[in-house]
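Colleague: Got a structure for you, written out below as structure tokens; questions coming shortly.
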Amino acid sequence: MPHLVAVLALDHVMPMDLGIAARVLNEALDPAGERLYSVLTCSLGGAPVRTSEGFRVLPDEDESLLERAGTVVIATQEPGEHLLATGELPADVAAALARIAPGTRIVSLCTSAFLLAAAGLLDGLRATTHWTLCDRLARLFPEVAVDPDILFVDNGRVLTGAGGAAGIDLFLHLVRRDHGTAVANAAARRCVVAPWREGGQAQFIERPVPKEADRSTSATRRWAMDHLAEPLTLQDLARHAHMSERTFTRRFRAEVGTSPLQWLVRSRLDHARHLLESSELTVARIATATGFVDPTVLRRHFHARLGLSPLAYRRSHRPPATATALPVLTHGVGNSPH
């Protein structure tokens, strides 16, 4: 039987986000060409739902669907001011979420992370939402570890995604997790999207161009990328930029949106991921080549950021030797978070 996925549409739902789960998951097929997921949409009381774009949708199911689903998706909606001001879950939404069976996988898209946080489902977990709302989510729910620089977070049972097209990345990840890389790549090909997008939300965040172009940190970033295998320190980076450490850190954060050392770790992880996907190097050799030196340190950073080991990442991003490789698209979805 196909895995039942219930998509909950709430008032002022965003139409694009409402349809992402069905669009991606319906393209995940077994060898016989049968769908691996059954995606149904529900609303509170089965009532028509106003969208954020000036029209209504009429789901086929009410919230009782949540009791039967193996995965529940809460689509992006415009969060109410009461929730944003108080962190309190609306009573009707709380009652609906209470119908979800223990162990059911729960996915939030964009603003729906506020609903999961208000329900206590993100306590002690890492989570994300649209980059413009990450600070607000962190302030409102300090028990949630909010990561503004990632497209989605997989905590096992609970997953949270950033805005807009990041939902595509999240659902392809679910297909990959449930059925392997080959099925996920085939689904991505049918949707005409990249099976995996590098980077996170930081690439989409609006930042002003520094006024003093000749005092930018970009040259130092390029230099650091060519020297990732070396034990670079903040002092090394600041010295290359001919700045004090304090000035360099301030300008770096203004341009990139994160600290120099956090950026360095992320760049090393990105390079390690590339080597795991494209080479036969051992984890120890990759740790040395990317500046982590010790494979234990590389494994710790992989688990902290991606939730899996380097070897598990390699297995999930490379098709089995006996499988027929599918063409990999070199272009992804648009760069707008909406």
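Quick note on naming: the chains in the structure tokens go A, B, ... in the order shown, residues restart at 1 in each chain, and ligands are numbered from 1 in order of appearance.
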Could you pull the residues within 10 Å of Leu36 in chain A, counting only C-alpha atoms, minus those fewer than 6 positions along the same chain, as a PyMOL selection string?
Modeller: chain A and resi 1-4+25-30+175+178-179+183
Colleague: How close does range 108-186 of chain A get to range 306-309 of chain A? List, as a tab-separated table, each residue of range 108-186 of chain A within 12 Å, its nearest atom pair and the distance in Å to one decimal, counting only C-alpha atoms.
Modeller:
residue	atom	partner	partner_atom	distance
A:Leu125	CA	A:Gly307	CA	12.0
A:Arg126	CA	A:Gly307	CA	10.5
A:Ile150	CA	A:Leu306	CA	9.8
A:Leu151	CA	A:Leu306	CA	11.1
A:Phe152	CA	A:Leu306	CA	9.7
A:Val153	CA	A:Leu306	CA	8.0
A:Asp154	CA	A:Gly307	CA	7.2
A:Asn155	CA	A:Gly307	CA	7.6
A:Gly156	CA	A:Gly307	CA	8.9
A:Leu159	CA	A:Gly307	CA	11.7
A:His173	CA	A:Leu306	CA	11.6
A:Arg177	CA	A:Leu308	CA	11.3
Colleague: Which residues are close to Ala186 in chain A, i.e. within 9 Å by only C-alpha atoms, leaving aside same-chain residues fewer than 4 positions away? Reply as number ranges by chain.
Modeller: A: 27-29, 181-182, 190-191, 195, 326-327
Colleague: For the residues in that selection, give me N, CA and C atoms as an mmCIF file, in the first residue's frame.
Modeller:
data_model
loop_
_atom_site.group_PDB
_atom_site.id
_atom_site.type_symbol
_atom_site.label_atom_id
_atom_site.label_comp_id
_atom_site.auth_asym_id
_atom_site.auth_seq_id
_atom_site.Cartn_x
_atom_site.Cartn_y
_atom_site.Cartn_z
ATOM 1 N N GLU A 27 5.529 11.712 -7.915
ATOM 2 C CA GLU A 27 6.473 11.285 -8.939
ATOM 3 C C GLU A 27 7.414 10.198 -8.454
ATOM 4 N N ALA A 28 7.276 9.788 -7.200
ATOM 5 C CA ALA A 28 8.084 8.698 -6.663
ATOM 6 C C ALA A 28 7.381 7.373 -6.969
ATOM 7 N N LEU A 29 7.974 6.581 -7.854
ATOM 8 C CA LEU A 29 7.324 5.372 -8.354
ATOM 9 C C LEU A 29 8.150 4.127 -8.042
ATOM 10 N N THR A 181 18.391 6.730 -3.443
ATOM 11 C CA THR A 181 18.786 7.792 -4.361
ATOM 12 C C THR A 181 18.185 7.639 -5.750
ATOM 13 N N ALA A 182 18.149 6.406 -6.268
ATOM 14 C CA ALA A 182 17.665 6.201 -7.634
ATOM 15 C C ALA A 182 16.219 6.658 -7.789
ATOM 16 N N ARG A 190 11.479 13.875 -13.235
ATOM 17 C CA ARG A 190 10.110 14.074 -13.714
ATOM 18 C C ARG A 190 9.595 15.475 -13.348
ATOM 19 N N CYS A 191 10.081 15.997 -12.218
ATOM 20 C CA CYS A 191 9.679 17.346 -11.803
ATOM 21 C C CYS A 191 10.528 18.432 -12.471
ATOM 22 N N PRO A 195 18.166 17.058 -8.264
ATOM 23 C CA PRO A 195 17.915 16.140 -7.165
ATOM 24 C C PRO A 195 18.518 16.594 -5.850
ATOM 25 N N LEU A 326 20.783 7.755 -13.643
ATOM 26 C CA LEU A 326 19.911 8.686 -14.351
ATOM 27 C C LEU A 326 20.666 9.971 -14.634
ATOM 28 N N PRO A 327 20.310 10.676 -15.694
ATOM 29 C CA PRO A 327 20.957 11.970 -15.953
ATOM 30 C C PRO A 327 20.723 12.915 -14.783
#
Colleague: How far is it from CA of Leu311 in chain A to CA of His271 in chain A, in Å with one decimal?
Modeller: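 Calculated distance between CA of Leu311 in chain A and CA of His271 in chain A is 14.8 Å.
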Colleague: Which distance in Å separates CA of Ala284 in chain A and CA of His227 in chain A, to one decimal?
Modeller: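 Atom-to-atom, CA of Ala284 in chain A and CA of His227 in chain A are spaced 17.9 Å apart.
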Colleague: Which is closest to Val73 in chain A among A:Val192, A:Ala22, A:Leu137, A:Ala91, if we use only C-alpha atoms?
Modeller: A:Ala22
Colleague: Extract the full set of strand (DSSP E) residues from range 83-254 of chain A according to DSSP on the backbone, and format it as a PyMOL selection string.
Modeller: chain A and resi 105-109+126-127+145-146+152-154+158-161
Colleague: Pick from A:Arg68, A:Arg50, A:Arg250, A:Arg23: nearest to Gly103 in chain A, with only C-alpha atoms counted?
Modeller: A:Arg68
